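Chemist: Take a look at final_35.csv, CSV, C-alpha atoms:
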chain,number,residue,atom,x,y,z
L,1,MET,CA,28.0,-22.6,22.6
L,2,SER,CA,26.3,-20.0,24.8
L,3,GLU,CA,22.9,-18.5,24.0
L,4,PRO,CA,23.3,-15.7,21.5
L,5,ARG,CA,22.8,-12.3,22.9
L,6,LEU,CA,19.6,-10.5,21.7
L,7,VAL,CA,19.4,-6.8,21.5
L,8,GLU,CA,15.9,-5.4,21.2
L,9,VAL,CA,15.8,-2.6,18.6
L,10,ARG,CA,12.2,-2.3,17.3
L,11,ARG,CA,12.6,-0.5,14.0
L,12,ASN,CA,9.8,-0.2,11.5
L,13,VAL,CA,11.3,-1.1,8.1
L,14,LEU,CA,9.1,1.3,6.2
L,15,LYS,CA,9.7,4.2,8.7
L,16,GLN,CA,11.4,6.4,6.1
L,17,ASN,CA,8.4,6.0,3.7
L,18,ASP,CA,5.9,6.6,6.5
L,19,VAL,CA,7.6,9.7,7.7
L,20,ILE,CA,7.5,11.2,4.2
L,21,ALA,CA,3.9,10.1,3.7
L,22,ARG,CA,2.9,11.8,7.0
L,23,ALA,CA,4.6,15.0,5.8
L,24,LEU,CA,2.8,14.8,2.5
L,25,ARG,CA,-0.5,14.3,4.2
L,26,GLU,CA,0.0,17.4,6.3
L,27,GLN,CA,1.0,19.3,3.2
L,28,PHE,CA,-2.2,18.2,1.4
L,29,ARG,CA,-4.3,19.1,4.4
L,30,ALA,CA,-2.8,22.6,4.6
L,31,ALA,CA,-3.2,23.2,0.9
L,32,GLY,CA,-6.8,22.0,1.0
L,33,VAL,CA,-6.3,19.4,-1.8
L,34,PHE,CA,-8.0,16.0,-1.6
L,35,VAL,CA,-5.7,13.2,-2.8
L,36,VAL,CA,-6.9,10.0,-4.2
L,37,SER,CA,-4.6,7.1,-5.1
L,38,LEU,CA,-5.6,4.4,-7.6
L,39,VAL,CA,-4.5,0.8,-7.4
L,40,SER,CA,-5.5,-2.0,-9.7
L,41,SER,CA,-4.1,-4.9,-11.7
L,42,PRO,CA,-2.7,-4.1,-15.2
L,43,GLY,CA,-5.4,-3.7,-17.8
L,44,SER,CA,-8.3,-3.1,-15.5
L,45,GLY,CA,-8.9,0.3,-17.1
L,46,LYS,CA,-7.3,2.6,-14.6
L,47,THR,CA,-6.2,5.1,-17.2
L,48,THR,CA,-9.6,5.3,-19.0
L,49,PHE,CA,-11.3,5.6,-15.6
L,50,LEU,CA,-8.9,8.4,-14.6
L,51,GLU,CA,-9.3,10.2,-17.9
L,52,LYS,CA,-13.0,10.3,-17.5
L,53,THR,CA,-12.7,11.3,-13.8
L,54,LEU,CA,-10.5,14.2,-14.7
L,55,THR,CA,-12.6,15.3,-17.6
L,56,GLN,CA,-15.9,15.2,-15.7
L,57,LEU,CA,-14.6,16.9,-12.6
L,58,GLN,CA,-12.9,19.7,-14.5
L,59,PRO,CA,-15.9,22.0,-15.1
L,60,ARG,CA,-16.3,22.3,-11.4
L,61,TYR,CA,-12.9,21.5,-9.8
L,62,ARG,CA,-9.2,22.1,-10.4
L,63,VAL,CA,-7.7,18.7,-10.9
L,64,ALA,CA,-4.3,17.2,-11.5
L,65,ALA,CA,-2.7,13.8,-11.7
L,66,LEU,CA,0.5,11.9,-11.2
L,67,VAL,CA,0.8,8.6,-13.0
L,68,GLY,CA,3.2,5.8,-12.2
L,69,ASP,CA,4.4,3.6,-15.0
L,70,LEU,CA,7.3,1.2,-15.3
L,71,ALA,CA,8.7,2.3,-18.6
L,72,THR,CA,6.4,4.3,-20.9
L,73,GLU,CA,4.8,7.7,-20.9
L,74,ASN,CA,1.7,6.5,-22.8
L,75,ASP,CA,-0.6,7.0,-19.8
L,76,ALA,CA,0.5,10.5,-19.3
L,77,VAL,CA,0.0,11.3,-22.9
L,78,ARG,CA,-3.5,9.8,-22.8
L,79,LEU,CA,-4.4,11.7,-19.7
L,80,ALA,CA,-3.1,15.0,-21.0
L,81,ARG,CA,-6.1,14.9,-23.4
L,82,SER,CA,-8.2,15.8,-20.4
L,83,LYS,CA,-6.3,19.2,-20.3
L,84,ALA,CA,-5.5,18.7,-16.7
L,85,PRO,CA,-1.9,19.0,-15.5
L,86,VAL,CA,-0.5,15.5,-15.6
L,87,LYS,CA,3.0,14.3,-14.7
L,88,GLN,CA,4.5,10.9,-15.3
L,89,ILE,CA,6.6,9.1,-12.7
L,90,THR,CA,8.6,6.4,-14.5
L,91,THR,CA,9.6,3.9,-11.9
L,92,GLY,CA,12.0,1.9,-14.0
L,93,THR,CA,11.8,-1.7,-12.7
L,94,LEU,CA,10.1,-0.7,-9.5
L,95,CYS,CA,6.6,-2.2,-9.2
L,96,HIS,CA,5.1,0.4,-7.0
L,97,LEU,CA,5.2,4.1,-6.0
L,98,GLU,CA,6.9,5.3,-2.8
L,99,ALA,CA,6.2,8.4,-0.9
L,100,ALA,CA,9.5,10.0,-1.9
L,101,MET,CA,8.7,9.7,-5.6
L,102,VAL,CA,5.4,11.5,-5.0
L,103,GLN,CA,7.2,14.2,-3.0
L,104,ASN,CA,9.8,14.7,-5.8
L,105,ALA,CA,7.2,14.8,-8.5
L,106,LEU,CA,5.2,17.5,-6.6
L,107,GLN,CA,8.2,19.8,-6.1
L,108,ASP,CA,7.3,22.3,-8.8
L,109,TRP,CA,3.6,22.1,-8.4
L,110,ASP,CA,1.6,24.5,-6.2
L,111,LEU,CA,-0.8,22.3,-4.3
L,112,ARG,CA,-2.9,25.3,-3.4
L,113,THR,CA,-4.0,25.6,-7.0
L,114,MET,CA,-5.7,22.2,-6.8
L,115,ASP,CA,-8.9,20.7,-5.5
L,116,PHE,CA,-8.2,17.1,-6.4
L,117,LEU,CA,-4.9,15.3,-7.0
L,118,PHE,CA,-5.0,11.8,-8.3
L,119,ILE,CA,-2.1,9.4,-8.0
L,120,GLU,CA,-2.3,6.4,-10.4
L,121,ASN,CA,-0.1,3.7,-9.0
L,122,VAL,CA,1.7,1.1,-11.1
L,123,GLY,CA,-0.7,-1.6,-12.2
L,124,ASN,CA,-0.1,-4.2,-9.5
L,125,LEU,CA,-2.2,-5.6,-6.7
L,126,VAL,CA,0.5,-6.7,-4.5
L,127,CYS,CA,3.4,-4.3,-3.9
L,128,PRO,CA,1.6,-0.9,-3.6
L,129,SER,CA,-0.3,-2.2,-0.5
L,130,SER,CA,2.8,-1.7,1.7
L,131,TYR,CA,3.4,1.9,0.8
L,132,ASP,CA,1.6,4.9,2.2
L,133,LEU,CA,1.7,7.8,-0.2
L,134,GLY,CA,0.0,10.3,2.1
L,135,GLU,CA,-3.2,10.0,0.2
L,136,ASN,CA,-6.6,10.8,1.7
L,137,LEU,CA,-8.3,8.0,0.0
L,138,ARG,CA,-7.1,4.8,-1.6
L,139,LEU,CA,-9.3,3.5,-4.3
L,140,VAL,CA,-9.0,0.0,-5.6
L,141,LEU,CA,-10.3,-0.6,-9.1
L,142,MET,CA,-11.4,-3.9,-10.5
L,143,SER,CA,-13.1,-4.6,-13.8
L,144,VAL,CA,-15.9,-7.1,-14.4
L,145,THR,CA,-13.7,-9.1,-16.7
L,146,GLU,CA,-11.3,-10.0,-13.9
L,147,GLY,CA,-13.6,-12.3,-12.0
L,148,GLU,CA,-15.6,-11.9,-8.9
L,149,ASP,CA,-13.0,-13.4,-6.6
L,150,LYS,CA,-10.2,-10.9,-7.3
L,151,PRO,CA,-10.5,-9.5,-3.7
L,152,LEU,CA,-10.1,-13.0,-2.2
L,153,LYS,CA,-6.9,-13.4,-4.3
L,154,TYR,CA,-5.5,-10.1,-3.3
L,155,PRO,CA,-6.9,-9.5,0.2
L,156,THR,CA,-4.2,-7.2,1.4
L,157,ILE,CA,-4.7,-4.5,-1.2
L,158,PHE,CA,-8.4,-4.6,-0.8
L,159,ASN,CA,-8.2,-4.5,2.9
L,160,SER,CA,-5.9,-1.5,2.9
L,161,SER,CA,-8.1,0.4,0.4
L,162,ASP,CA,-10.9,2.7,1.4
L,163,VAL,CA,-13.3,2.4,-1.5
L,164,ALA,CA,-13.8,-0.1,-4.4
L,165,VAL,CA,-14.8,0.7,-7.9
L,166,VAL,CA,-16.0,-2.1,-10.2
L,167,THR,CA,-15.6,-0.9,-13.8
L,168,LYS,CA,-16.3,-2.0,-17.4
L,169,ASN,CA,-19.8,-2.6,-16.3
L,170,GLU,CA,-20.9,-2.4,-20.0
L,171,LEU,CA,-19.3,-5.9,-20.4
L,172,ALA,CA,-20.9,-7.4,-17.3
L,173,ASP,CA,-23.5,-9.4,-19.2
L,174,ALA,CA,-21.1,-10.7,-21.8
L,175,VAL,CA,-18.8,-12.2,-19.1
L,176,GLU,CA,-21.8,-13.2,-16.9
L,177,PHE,CA,-20.4,-11.2,-14.1
L,178,ASP,CA,-22.0,-12.2,-10.7
L,179,TRP,CA,-22.5,-8.9,-8.9
L,180,SER,CA,-23.6,-10.4,-5.7
L,181,ALA,CA,-20.6,-12.8,-5.5
L,182,ALA,CA,-18.3,-9.8,-6.2
L,183,ARG,CA,-19.9,-7.8,-3.5
L,184,THR,CA,-19.6,-10.7,-1.0
L,185,SER,CA,-15.9,-11.2,-1.7
L,186,ILE,CA,-15.2,-7.5,-1.3
L,187,GLN,CA,-17.1,-7.3,2.0
L,188,SER,CA,-15.4,-10.4,3.2
L,189,VAL,CA,-11.9,-8.9,3.0
L,190,ARG,CA,-13.0,-5.3,3.8
L,191,PRO,CA,-16.2,-5.2,5.8
L,192,GLY,CA,-18.2,-2.0,5.2
L,193,MET,CA,-16.3,-0.9,2.1
L,194,GLN,CA,-18.2,1.4,-0.1
L,195,ILE,CA,-18.5,0.0,-3.7
L,196,PHE,CA,-19.3,1.9,-6.9
L,197,ARG,CA,-20.3,0.0,-10.0
L,198,LEU,CA,-19.8,1.9,-13.2
L,199,SER,CA,-18.7,2.1,-16.8
L,200,ALA,CA,-16.1,4.6,-17.5
L,201,LYS,CA,-16.8,4.1,-21.2
L,202,THR,CA,-20.5,4.7,-21.3
L,203,GLY,CA,-20.6,7.0,-18.2
L,204,GLU,CA,-23.1,4.8,-16.4
L,205,GLY,CA,-22.7,5.1,-12.6
L,206,MET,CA,-20.0,7.8,-12.8
L,207,GLU,CA,-22.2,10.4,-11.2
L,208,ALA,CA,-22.6,8.7,-7.9
L,209,TYR,CA,-18.9,8.2,-7.7
L,210,LEU,CA,-18.1,11.8,-8.6
L,211,ASN,CA,-20.6,13.0,-6.1
L,212,PHE,CA,-18.9,10.9,-3.5
L,213,LEU,CA,-15.6,12.5,-4.2
L,214,ALA,CA,-17.1,16.0,-4.1
L,215,GLN,CA,-18.5,15.1,-0.7
L,216,GLN,CA,-15.2,13.8,0.6
L,217,LEU,CA,-13.5,17.1,-0.5
L,218,ALA,CA,-16.2,19.1,1.3
L,219,GLU,CA,-15.8,17.1,4.5
L,220,GLN,CA,-12.0,17.4,4.5
L,221,ARG,CA,-12.2,21.1,4.1
L,222,ALA,CA,-14.8,21.4,6.8
L,223,VAL,CA,-12.5,19.6,9.2
L,224,ALA,CA,-9.5,21.7,8.1
L,225,HIS,CA,-11.5,24.9,8.3
L,226,ILE,CA,-10.3,26.1,4.9
Q,1,MET,CA,8.2,-8.1,-6.4
Q,2,HIS,CA,9.1,-5.4,-3.9
Q,3,GLU,CA,10.8,-7.7,-1.4
Q,4,LEU,CA,14.3,-6.7,-2.5
Q,5,SER,CA,13.7,-3.0,-1.6
Q,6,ILE,CA,12.1,-4.2,1.7
Q,7,ALA,CA,15.2,-6.4,2.4
Q,8,MET,CA,17.4,-3.5,1.7
Q,9,GLY,CA,15.4,-1.5,4.2
Q,10,ILE,CA,15.9,-4.3,6.8
Q,11,VAL,CA,19.7,-4.3,6.1
Q,12,ASP,CA,19.9,-0.5,6.4
Q,13,ALA,CA,18.0,-0.5,9.7
Q,14,ALA,CA,20.1,-3.4,11.1
Q,15,LEU,CA,23.4,-1.8,10.1
Q,16,ASP,CA,22.4,1.5,11.5
Q,17,GLU,CA,21.5,0.0,14.9
Q,18,SER,CA,24.7,-2.2,14.9
Q,19,ARG,CA,26.9,0.8,14.3
Q,20,ARG,CA,25.2,2.9,16.9
Q,21,ARG,CA,25.6,0.1,19.5
Q,22,GLY,CA,29.1,-1.0,18.3
Q,23,VAL,CA,28.1,-4.6,17.9
Q,24,GLU,CA,28.4,-7.2,15.1
Q,25,VAL,CA,25.2,-8.8,14.0
Q,26,SER,CA,24.9,-12.5,13.4
Q,27,ALA,CA,21.1,-12.6,12.9
Q,28,VAL,CA,18.2,-10.1,12.4
Q,29,HIS,CA,14.8,-10.9,13.9
Q,30,LEU,CA,11.9,-9.6,12.0
Q,31,ARG,CA,8.2,-9.4,12.8
Q,32,LEU,CA,6.2,-9.9,9.6
Q,33,GLY,CA,2.4,-9.4,9.7
Q,34,ALA,CA,0.1,-11.3,7.5
Q,35,LEU,CA,-1.2,-8.0,6.1
Q,36,SER,CA,2.2,-6.5,5.5
Q,37,GLY,CA,2.0,-7.3,1.8
Q,38,VAL,CA,5.4,-9.0,1.9
Q,39,VAL,CA,6.0,-12.6,0.8
Q,40,LYS,CA,8.3,-14.4,3.3
Q,41,ASP,CA,10.1,-16.7,0.9
Q,42,ALA,CA,10.9,-13.9,-1.5
Q,43,LEU,CA,12.1,-11.8,1.4
Q,44,LEU,CA,14.4,-14.5,2.7
Q,45,PHE,CA,16.0,-14.8,-0.8
Q,46,SER,CA,16.2,-11.1,-1.2
Q,47,TYR,CA,17.8,-10.7,2.2
Q,48,GLU,CA,20.9,-12.7,1.1
Q,49,VAL,CA,21.2,-10.5,-1.9
Q,50,ALA,CA,20.8,-7.3,0.1
Q,51,CYS,CA,23.5,-8.4,2.6
Q,52,GLN,CA,26.2,-8.9,-0.1
Q,53,ASP,CA,29.2,-6.7,0.4
Q,54,THR,CA,27.9,-5.3,3.7
Q,55,PRO,CA,29.0,-6.2,7.3
Q,56,LEU,CA,25.8,-8.3,7.4
Q,57,GLU,CA,27.0,-10.7,4.8
Q,58,GLY,CA,26.5,-14.2,6.1
Q,59,SER,CA,24.0,-13.1,8.8
Q,60,GLN,CA,20.6,-14.8,9.1
Q,61,LEU,CA,17.1,-13.3,8.8
Q,62,ILE,CA,14.8,-14.9,11.3
Q,63,VAL,CA,11.1,-14.2,10.5
Q,64,GLU,CA,8.4,-14.3,13.1
Q,65,ASP,CA,5.0,-14.5,11.4
Q,66,VAL,CA,2.4,-12.3,13.0
Q,67,PRO,CA,-1.2,-13.4,12.3
Q,68,VAL,CA,-4.0,-10.9,12.0
Q,69,ILE,CA,-5.5,-10.1,15.3
Q,70,VAL,CA,-8.8,-8.2,15.3
Q,71,PHE,CA,-11.0,-6.8,18.0
Q,72,CYS,CA,-14.5,-8.1,18.1
Q,73,GLY,CA,-17.0,-5.6,19.6
Q,74,PRO,CA,-19.8,-8.0,20.6
Q,75,CYS,CA,-17.3,-10.5,22.2
Q,76,GLN,CA,-15.2,-7.6,23.7
Q,77,ALA,CA,-12.1,-9.7,22.9
Q,78,GLU,CA,-9.2,-9.8,20.5
Q,79,ARG,CA,-9.4,-12.7,18.1
Q,80,GLU,CA,-7.0,-14.2,15.7
Q,81,LEU,CA,-8.3,-14.5,12.1
Q,82,PRO,CA,-7.8,-18.0,10.6
Q,83,SER,CA,-7.7,-16.4,7.1
Q,84,VAL,CA,-7.0,-13.0,5.7
Q,85,GLN,CA,-9.9,-13.6,3.3
Q,86,LEU,CA,-12.6,-13.2,5.9
Q,87,PHE,CA,-12.5,-10.3,8.3
Q,88,ALA,CA,-15.1,-11.6,10.7
Q,89,CYS,CA,-14.8,-12.8,14.3
Q,90,PRO,CA,-14.1,-16.5,14.2
Q,91,GLU,CA,-16.3,-17.0,17.3
Q,92,CYS,CA,-19.5,-15.0,16.6
Q,93,GLY,CA,-19.1,-14.2,12.9
Q,94,THR,CA,-19.4,-10.4,13.3
Q,95,PRO,CA,-17.5,-8.6,10.5
Q,96,THR,CA,-14.8,-6.3,11.9
Q,97,MET,CA,-12.1,-4.0,10.5
Q,98,ASP,CA,-10.6,-3.2,13.9
Q,99,VAL,CA,-7.2,-4.7,13.2
Q,100,ARG,CA,-4.9,-4.8,16.2
Q,101,HIS,CA,-2.0,-6.8,14.7
Q,102,GLY,CA,-0.9,-8.1,11.3
Q,103,ARG,CA,0.5,-5.0,9.6
Q,104,GLU,CA,3.9,-5.4,11.3
Q,105,LEU,CA,7.1,-5.1,9.3
Q,106,GLU,CA,9.5,-4.5,12.0
Q,107,VAL,CA,13.1,-5.4,12.9
Q,108,PHE,CA,12.6,-6.1,16.6
Q,109,ALA,CA,15.9,-7.6,17.7
Q,110,LEU,CA,19.5,-8.2,16.6
Q,111,GLU,CA,21.5,-11.3,17.6
Q,112,VAL,CA,24.9,-10.0,18.3
Q,113,LYS,CA,28.3,-11.7,18.4
Q,114,GLU,CA,29.9,-11.8,21.8
Q,115,GLU,CA,33.4,-10.4,22.2
Q,116,GLU,CA,34.7,-13.9,22.8
Q,117,GLU,CA,33.3,-15.1,19.5
Q,118,LEU,CA,34.8,-12.1,17.7
Q,119,ARG,CA,38.2,-12.8,19.1
Q,120,LYS,CA,38.0,-16.4,17.9
Q,121,GLU,CA,37.1,-15.2,14.4
Q,122,VAL,CA,40.0,-12.8,14.3
Q,123,GLN,CA,42.4,-15.6,15.4
Q,124,ALA,CA,41.0,-18.0,12.8
Translate this file's structure into structure tokens.
Modeler:
Amino acid sequence: MSEPRLVEVRRNVLKQNDVIARALREQFRAAGVFVVSLVSSPGSGKTTFLEKTLTQLQPRYRVAALVGDLATENDAVRLARSKAPVKQITTGTLCHLEAAMVQNALQDWDLRTMDFLFIENVGNLVCPSSYDLGENLRLVLMSVTEGEDKPLKYPTIFNSSDVAVVTKNELADAVEFDWSAARTSIQSVRPGMQIFRLSAKTGEGMEAYLNFLAQQLAEQRAVAHI
Amino acid sequence: MHELSIAMGIVDAALDESRRRGVEVSAVHLRLGALSGVVKDALLFSYEVACQDTPLEGSQLIVEDVPVIVFCGPCQAERELPSVQLFACPECGTPTMDVRHGRELEVFALEVKEEEELRKEVQA
């Protein structure tokens, strides 16, 4: 048998997603909205964390959120208590959000009326890492109850994130959370990553994180001259 | 698991290219980076499913693993990371996030059936 003929094609499999994500990013920039996506494992406290974030930013900023969930609308109902506009994206069996879903969900929202838009991904530390959503900042959330080596178990998602938040700090003593070990494992998979340690429940540490977001928004607008 | 949707993306890309070039595909070559977030075994399994009832049914997916290559500033050299759990130069130990390779998820070549082969298939 002769050697098979090889035809070079070079096609990025996620090109469709990346094209939409780029368009979204440009839309966000033009509208002057700073977009944060949240990834974490199920049960790490993403929704409580987001609820507190929305509530505490609201006196000073116009905020909104998109939440991805497999089947229920519970998260959107909880977040609606913050009085911020919240929309649910039900993914069915899909374990992650894709850029096209974000684009569809945003169709009837005017981005210019927002300062911050939060996108809560489906609770999953594997699949969301492959999909760019056009966000300005990808925030990975882990709770002290998950163990210090979470980043080493899921290096890809930590590596592709911009900032880490370690939450449920009110439980740190009870679970003998080793802060220095956690910091080392985060820095090992994502050198230089900024880390916030906080408790969404008690509010401890929230201020530094919220100030960081405010600063990110200001920097983005300075660059975009808005 | 998102490998099935990735596999369907691979099939779409390969079918599109084969139509455009008027060729029949016997195998798809994929470059898969260690940081792509895709599990190879799950992808190979999903590929078969994704090919069903398409002209690619029966074709093979050949995966080339791409390791993480970073650039080390102090060494002024590209280095391959032995593990994705430690983003530091394996030679001098300096942490680095300057990733040059390892995020690939790319159909880079198609193995196509030659006309002679096709004729034989038709006759058989």
Chemist: Taking all atoms listed in the file into account, name the residue in Q:Val25, Q:Leu15, Q:Cys89, Q:Leu44 that is nearest to Cys75 in chain Q.
Modeler: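 The closest residue to Cys75 in chain Q is Q:Cys89.
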Chemist: With all atoms listed in the file as the atoms that count, which of Q:Thr96, Q:Ser36, Q:Gln123, Q:Ser26 lies nearest to Val70 in chain Q?
Modeler: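 Checking each candidate against Val70 in chain Q, we get Q:Thr96 as the closest.
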Chemist: Would you kindly report the residues of chain L within 12 Å of chain Q, using only C-alpha atoms, as number ranges by chain?
Modeler: L: 1-17, 93-98, 124-132, 149-162, 184-193
Chemist: Rank nothing, just name the residue among Q:Gly22, Q:Asp16, Q:Cys92, Q:Glu80 nearest to Thr54 in chain Q, using all atoms listed in the file.
Modeler: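 When distances to Thr54 in chain Q are compared using all atoms listed in the file, the smallest one comes from Q:Asp16.
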Chemist: Could you jot down the CA of Ala84 in chain L to CA of Glu51 in chain L separation for me, Å, one decimal place?
Modeler: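 Distance reported for this atom pair: 9.4 Å.
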Chemist: One decimal, Å: what's the distance from CA of Ile69 in chain Q over to CA of Arg100 in chain Q, could you say?
Modeler: 5.4 Å
Chemist: Go ahead and compute the interatomic distance for CA of Phe49 in chain L and CA of Lys168 in chain L, in Å to one decimal.
Modeler: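 Between CA of Phe49 in chain L and CA of Lys168 in chain L the gap works out to 9.3 Å.
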Chemist: So, counting only C-alpha atoms, which residue among L:Val102, L:Val144, L:Leu198, L:Glu26 is closest to Leu210 in chain L?
Modeler: L:Leu198
Chemist: Pull the neighbourhood of (-1.8, 12.6, -10.2) for me: all residues within 10 Å in file coordinates, counting only C-alpha atoms, as a VMD selection string.
Modeler: chain L and resid 35 to 38 50 54 63 to 68 76 79 84 to 89 102 105 to 106 116 to 121
Chemist: Using all atoms listed in the file, list the residues that have an atom at most 12 Å from (-17.1, 16.9, -17.3), coordinates as in the file, as a list in words.
Modeler: Glu51, Lys52, Thr53, Leu54, Thr55, Gln56, Leu57, Gln58, Pro59, Arg60, Tyr61, Arg62, Val63, Ser82, Lys83, Ala84, Gly203, Met206, Glu207 and Leu210 of chain L
Chemist: How big is the axis-aligned box around the listed atoms of range 109-114 of chain Q once 3 Å is added on each side, and where is its centre? Give both in Å to one decimal, as lines of an AutoDock Vina configuration file.
Modeler:
center_x = 22.9
center_y = -9.7
center_z = 19.2
size_x = 20.0
size_y = 10.2
size_z = 11.2
